[in-house]
Number of protein chains: 2
Amino acid sequence: MSQDSLTYAMRPIGFVHSPYRDTSQIPKGPGAEHHAEGTLEIRPELEDGLQDIEGFSHLFVLWVFDRSEGCDLVSAVPLDQETPHGVFASRSPRRPNPIGLSVVELLGRDGPRLRVRGVDMLDGTPILDVKPYLSGVPAERLHRGWVAEAEARRKQ
Amino acid sequence: MSQDSLTYAMRPIGFVHSPYRDTSQIPKGPGAEHHAEGTLEIRPELEDGLQDIEGFSHLFVLWVFDRSEGCDLVSAVPLDQETPHGVFASRSPRRPNPIGLSVVELLGRDGPRLRVRGVDMLDGTPILDVKPYLSGVPAERLHRGWVAEAEARRKQ
């Protein structure tokens, strides 16, 4: 198979239960904070894969923008509506592969269900993977490009 | 389509150039640090999607474990070879969806090529997405479950 036609089929490991039914309800843009609680419901036959997950305070969740269609390589986003930015320099849902990434706080587990805080996905969002969050980049080493500039402009 | 048969087809946005030809060359387990430099070569027709990425110091890279086959819901991993852990509580490559997640430092950009530090992927690994790294969980709020326990045992 040539690399040009290569694709990988991904099947959801579960679904998100979230308070959000519509993207307009999800906090976005400057100062958006995600404190909403929700549940990651993993398929029952995969429950063994959650063994020892309770010890982690935070998780990466990889999921599908299943209600977004198409892709914009360059577009304006809520944080900076005046200047368009590249899709790989933003969290826009209209991506070549519509995969979302969120960090959530693990509140508890009930069998194949993980109660979490910090969901920013729509209710019913398909989950592709869950991974433990092990370490972060120290804030003093982080540069946040146009995001930092847009936040600074908003504060003026 | 029933949810049981739902799949999403993902197509690589590019490929990793890395010094690693074999998984045995990649630092793993206790104290593993990833300082290797490599290149994320994005497909030329997607280059516009990189606009303004230069301002970010760190990126999330989502990629495919393309040389891993199968899935173990529970397995032992290099850091803790005595006690098996669930796949969603580890970074094992044998996952239901073989997606890897790495944080890399962006060193520079040359057209559709991103020079980065911190690659832990094999040479030729397919890339599914690149996202800006915007913030991390403060270390004082982080609990790392069995990983912290295994590290502590190693130090005894």
# chains A, B, ... in the order shown; residues from 1 in each chain; ligands from 1
>>> interface_residues(of="chain B", to="chain A", cutoff="8 Å", atoms="only C-alpha atoms", output="count of residues only")
52
>>> residues_around(residues="A:Pro27", least_positions_apart="4", cutoff="12 Å", atoms="only C-alpha atoms", output="PyMOL selection string")
chain A and resi 19-20+22-23+31-36+78-79+118-122
>>> write_last_selection(atoms="N, CA, C and O atoms", output="PDB file, in the first residue's frame")
ATOM      1  N   PRO A  19     -22.381  17.228  30.489  1.00  0.00           N
ATOM      2  CA  PRO A  19     -23.566  18.100  30.565  1.00  0.00           C
ATOM      3  C   PRO A  19     -23.815  18.876  29.276  1.00  0.00           C
ATOM      4  O   PRO A  19     -24.830  19.563  29.176  1.00  0.00           O
ATOM      5  N   TYR A  20     -22.918  18.780  28.295  1.00  0.00           N
ATOM      6  CA  TYR A  20     -23.026  19.620  27.105  1.00  0.00           C
ATOM      7  C   TYR A  20     -23.721  18.900  25.952  1.00  0.00           C
ATOM      8  O   TYR A  20     -23.266  17.860  25.492  1.00  0.00           O
ATOM      9  N   ASP A  22     -24.645  20.834  23.188  1.00  0.00           N
ATOM     10  CA  ASP A  22     -24.404  21.692  22.029  1.00  0.00           C
ATOM     11  C   ASP A  22     -23.072  22.418  22.255  1.00  0.00           C
ATOM     12  O   ASP A  22     -22.766  22.817  23.380  1.00  0.00           O
ATOM     13  N   THR A  23     -22.305  22.593  21.181  1.00  0.00           N
ATOM     14  CA  THR A  23     -20.987  23.211  21.353  1.00  0.00           C
ATOM     15  C   THR A  23     -21.073  24.625  21.933  1.00  0.00           C
ATOM     16  O   THR A  23     -20.134  25.088  22.573  1.00  0.00           O
ATOM     17  N   GLY A  31      -9.717  32.822  28.822  1.00  0.00           N
ATOM     18  CA  GLY A  31     -10.053  32.537  30.210  1.00  0.00           C
ATOM     19  C   GLY A  31     -10.992  31.358  30.405  1.00  0.00           C
ATOM     20  O   GLY A  31     -11.466  31.124  31.517  1.00  0.00           O
ATOM     21  N   ALA A  32     -11.285  30.613  29.344  1.00  0.00           N
ATOM     22  CA  ALA A  32     -12.207  29.478  29.475  1.00  0.00           C
ATOM     23  C   ALA A  32     -11.630  28.467  30.472  1.00  0.00           C
ATOM     24  O   ALA A  32     -10.476  28.083  30.368  1.00  0.00           O
ATOM     25  N   GLU A  33     -12.452  28.071  31.416  1.00  0.00           N
ATOM     26  CA  GLU A  33     -12.021  27.045  32.361  1.00  0.00           C
ATOM     27  C   GLU A  33     -13.019  25.902  32.337  1.00  0.00           C
ATOM     28  O   GLU A  33     -14.213  26.115  32.178  1.00  0.00           O
ATOM     29  N   HIS A  34     -12.484  24.716  32.468  1.00  0.00           N
ATOM     30  CA  HIS A  34     -13.328  23.529  32.338  1.00  0.00           C
ATOM     31  C   HIS A  34     -13.416  22.811  33.679  1.00  0.00           C
ATOM     32  O   HIS A  34     -12.494  22.116  34.080  1.00  0.00           O
ATOM     33  N   HIS A  35     -14.540  23.056  34.374  1.00  0.00           N
ATOM     34  CA  HIS A  35     -14.742  22.417  35.670  1.00  0.00           C
ATOM     35  C   HIS A  35     -15.890  21.418  35.619  1.00  0.00           C
ATOM     36  O   HIS A  35     -16.226  20.828  36.639  1.00  0.00           O
ATOM     37  N   ALA A  36     -16.509  21.240  34.466  1.00  0.00           N
ATOM     38  CA  ALA A  36     -17.690  20.377  34.378  1.00  0.00           C
ATOM     39  C   ALA A  36     -17.315  18.937  34.708  1.00  0.00           C
ATOM     40  O   ALA A  36     -16.249  18.453  34.344  1.00  0.00           O
ATOM     41  N   PRO A  78     -12.205  31.126  18.523  1.00  0.00           N
ATOM     42  CA  PRO A  78     -12.858  32.023  19.479  1.00  0.00           C
ATOM     43  C   PRO A  78     -11.900  32.942  20.239  1.00  0.00           C
ATOM     44  O   PRO A  78     -12.230  34.104  20.492  1.00  0.00           O
ATOM     45  N   LEU A  79     -10.704  32.455  20.574  1.00  0.00           N
ATOM     46  CA  LEU A  79      -9.776  33.267  21.366  1.00  0.00           C
ATOM     47  C   LEU A  79      -9.240  34.457  20.582  1.00  0.00           C
ATOM     48  O   LEU A  79      -8.898  35.483  21.162  1.00  0.00           O
ATOM     49  N   GLY A 118     -13.574  18.310  34.406  1.00  0.00           N
ATOM     50  CA  GLY A 118     -12.827  19.008  33.365  1.00  0.00           C
ATOM     51  C   GLY A 118     -13.219  18.577  31.963  1.00  0.00           C
ATOM     52  O   GLY A 118     -12.447  18.787  31.024  1.00  0.00           O
ATOM     53  N   VAL A 119     -14.401  17.993  31.822  1.00  0.00           N
ATOM     54  CA  VAL A 119     -14.808  17.592  30.469  1.00  0.00           C
ATOM     55  C   VAL A 119     -15.111  18.834  29.627  1.00  0.00           C
ATOM     56  O   VAL A 119     -15.705  19.801  30.102  1.00  0.00           O
ATOM     57  N   ASP A 120     -14.666  18.804  28.387  1.00  0.00           N
ATOM     58  CA  ASP A 120     -14.993  19.866  27.438  1.00  0.00           C
ATOM     59  C   ASP A 120     -15.483  19.234  26.133  1.00  0.00           C
ATOM     60  O   ASP A 120     -15.347  19.817  25.063  1.00  0.00           O
ATOM     61  N   MET A 121     -16.061  18.034  26.271  1.00  0.00           N
ATOM     62  CA  MET A 121     -16.600  17.330  25.107  1.00  0.00           C
ATOM     63  C   MET A 121     -18.128  17.334  25.187  1.00  0.00           C
ATOM     64  O   MET A 121     -18.705  17.463  26.259  1.00  0.00           O
ATOM     65  N   LEU A 122     -18.742  17.149  24.016  1.00  0.00           N
ATOM     66  CA  LEU A 122     -20.192  17.003  23.962  1.00  0.00           C
ATOM     67  C   LEU A 122     -20.612  15.649  24.543  1.00  0.00           C
ATOM     68  O   LEU A 122     -19.851  14.677  24.500  1.00  0.00           O
TER      69      LEU A 122
END
>>> closest_residue(among="B:Gly38, B:Ala152, B:Gln81, B:Ile26", to="B:Gly124", atoms="only C-alpha atoms")
B:Gly38
>>> select_by_dssp(residues="stretch 11-156 of chain A", states="helix (DSSP H, G or I)", output="number ranges by chain")
A: 23-25, 44-50, 53-55, 87-89, 139-141, 145-155
>>> write_last_selection(atoms="N, CA, C and O atoms", output="short mmCIF file (atom, residue, chain, number, x, y, z; two decimals), in the first residue's frame")
data_model
loop_
_atom_site.label_atom_id
_atom_site.label_comp_id
_atom_site.auth_asym_id
_atom_site.auth_seq_id
_atom_site.Cartn_x
_atom_site.Cartn_y
_atom_site.Cartn_z
N THR A 23 -22.30 22.59 21.18
CA THR A 23 -20.99 23.21 21.35
C THR A 23 -21.07 24.62 21.93
O THR A 23 -20.13 25.09 22.57
N SER A 24 -22.23 25.30 21.74
CA SER A 24 -22.36 26.67 22.27
C SER A 24 -22.32 26.67 23.80
O SER A 24 -22.07 27.71 24.42
N GLN A 25 -22.56 25.51 24.43
CA GLN A 25 -22.58 25.44 25.90
C GLN A 25 -21.18 25.25 26.49
O GLN A 25 -21.00 25.38 27.70
N PRO A 44 -17.81 -2.41 28.41
CA PRO A 44 -17.63 -3.37 29.51
C PRO A 44 -16.56 -4.42 29.22
O PRO A 44 -15.81 -4.80 30.12
N GLU A 45 -16.41 -4.84 27.98
CA GLU A 45 -15.42 -5.89 27.68
C GLU A 45 -13.99 -5.37 27.78
O GLU A 45 -13.03 -6.16 27.71
N LEU A 46 -13.81 -4.04 27.93
CA LEU A 46 -12.47 -3.46 28.08
C LEU A 46 -12.16 -3.07 29.53
O LEU A 46 -11.12 -2.49 29.81
N GLU A 47 -13.09 -3.38 30.44
CA GLU A 47 -12.95 -2.92 31.83
C GLU A 47 -11.61 -3.33 32.46
O GLU A 47 -11.03 -2.57 33.23
N ASP A 48 -11.11 -4.54 32.13
CA ASP A 48 -9.83 -4.97 32.72
C ASP A 48 -8.69 -4.00 32.40
O ASP A 48 -7.72 -3.91 33.15
N GLY A 49 -8.82 -3.27 31.29
CA GLY A 49 -7.79 -2.31 30.91
C GLY A 49 -7.70 -1.12 31.85
O GLY A 49 -6.76 -0.32 31.76
N LEU A 50 -8.67 -0.98 32.76
CA LEU A 50 -8.68 0.14 33.71
C LEU A 50 -7.96 -0.21 35.03
O LEU A 50 -7.84 0.64 35.91
N ILE A 53 -5.98 2.21 37.50
CA ILE A 53 -6.10 3.60 37.03
C ILE A 53 -6.48 4.54 38.18
O ILE A 53 -6.20 5.75 38.12
N GLU A 54 -7.05 3.98 39.24
CA GLU A 54 -7.52 4.82 40.35
C GLU A 54 -6.41 5.63 41.00
O GLU A 54 -6.66 6.64 41.64
N GLY A 55 -5.15 5.17 40.86
CA GLY A 55 -4.04 5.86 41.52
C GLY A 55 -3.62 7.15 40.86
O GLY A 55 -2.85 7.92 41.42
N VAL A 87 -4.22 25.16 11.71
CA VAL A 87 -4.97 24.18 12.50
C VAL A 87 -4.06 23.45 13.49
O VAL A 87 -4.50 23.10 14.60
N PHE A 88 -2.78 23.23 13.12
CA PHE A 88 -1.88 22.51 14.02
C PHE A 88 -1.33 23.43 15.11
O PHE A 88 -0.63 22.97 16.02
N ALA A 89 -1.62 24.73 15.02
CA ALA A 89 -1.26 25.70 16.05
C ALA A 89 -2.51 26.12 16.82
O ALA A 89 -2.53 27.15 17.49
N ALA A 139 5.87 25.50 33.81
CA ALA A 139 5.33 26.74 33.24
C ALA A 139 6.44 27.68 32.79
O ALA A 139 6.31 28.38 31.78
N GLU A 140 7.57 27.69 33.52
CA GLU A 140 8.63 28.65 33.18
C GLU A 140 9.35 28.29 31.88
O GLU A 140 10.07 29.10 31.32
N ARG A 141 9.14 27.07 31.39
CA ARG A 141 9.78 26.68 30.12
C ARG A 141 8.83 26.80 28.94
O ARG A 141 9.21 26.55 27.80
N GLY A 145 3.00 31.24 22.19
CA GLY A 145 2.78 31.89 20.90
C GLY A 145 1.59 32.83 20.84
O GLY A 145 1.39 33.67 21.72
N TRP A 146 0.79 32.68 19.79
CA TRP A 146 -0.33 33.61 19.55
C TRP A 146 -1.37 33.54 20.65
O TRP A 146 -2.11 34.51 20.86
N VAL A 147 -1.44 32.43 21.36
CA VAL A 147 -2.43 32.31 22.44
C VAL A 147 -2.10 33.31 23.55
O VAL A 147 -2.97 34.05 24.04
N ALA A 148 -0.80 33.38 23.93
CA ALA A 148 -0.38 34.32 24.97
C ALA A 148 -0.60 35.76 24.49
O ALA A 148 -1.05 36.62 25.25
N GLU A 149 -0.31 36.02 23.20
CA GLU A 149 -0.48 37.37 22.68
C GLU A 149 -1.95 37.79 22.68
O GLU A 149 -2.30 38.90 23.04
N ALA A 150 -2.82 36.87 22.28
CA ALA A 150 -4.26 37.18 22.23
C ALA A 150 -4.80 37.42 23.63
O ALA A 150 -5.61 38.31 23.87
N GLU A 151 -4.33 36.61 24.60
CA GLU A 151 -4.78 36.80 25.98
C GLU A 151 -4.33 38.16 26.51
O GLU A 151 -5.07 38.85 27.20
N ALA A 152 -3.08 38.54 26.17
CA ALA A 152 -2.55 39.83 26.63
C ALA A 152 -3.36 40.99 26.03
O ALA A 152 -3.69 41.96 26.72
N ARG A 153 -3.71 40.89 24.74
CA ARG A 153 -4.52 41.95 24.10
C ARG A 153 -5.88 42.10 24.77
O ARG A 153 -6.38 43.19 24.96
N ARG A 154 -6.47 40.96 25.14
CA ARG A 154 -7.80 41.00 25.77
C ARG A 154 -7.77 41.72 27.11
O ARG A 154 -8.75 42.28 27.54
N LYS A 155 -6.62 41.62 27.77
CA LYS A 155 -6.52 42.19 29.13
C LYS A 155 -6.26 43.69 29.10
O LYS A 155 -6.34 44.36 30.12
#
>>> atom_distance(atom1="atom CA of A:Glu37", atom2="atom CA of A:Arg115")
7.3 Å
>>> select_by_dssp(residues="chain A", states="strand (DSSP E)", output="PyMOL selection string")
chain A and resi 8-10+14-17+37-42+58-64+74-77+80-86+99-110+113-117+126-132
>>> closest_residue(among="B:Glu69, B:Arg21, B:Arg94, B:Leu40", to="B:Arg117", atoms="only C-alpha atoms")
B:Leu40
>>> residues_around(residues="B:Thr39", least_positions_apart="2", cutoff="6 Å", atoms="only C-alpha atoms", output="list in words")
Val16, His17, Glu41, Leu114, Arg115 and Val116 of chain B
>>> atom_distance(atom1="atom CA of A:Asp123", atom2="atom CA of A:Ala76")
25.0 Å
>>> atom_distance(atom1="atom CA of B:Thr83", atom2="atom CA of A:Gly111")
20.4 Å
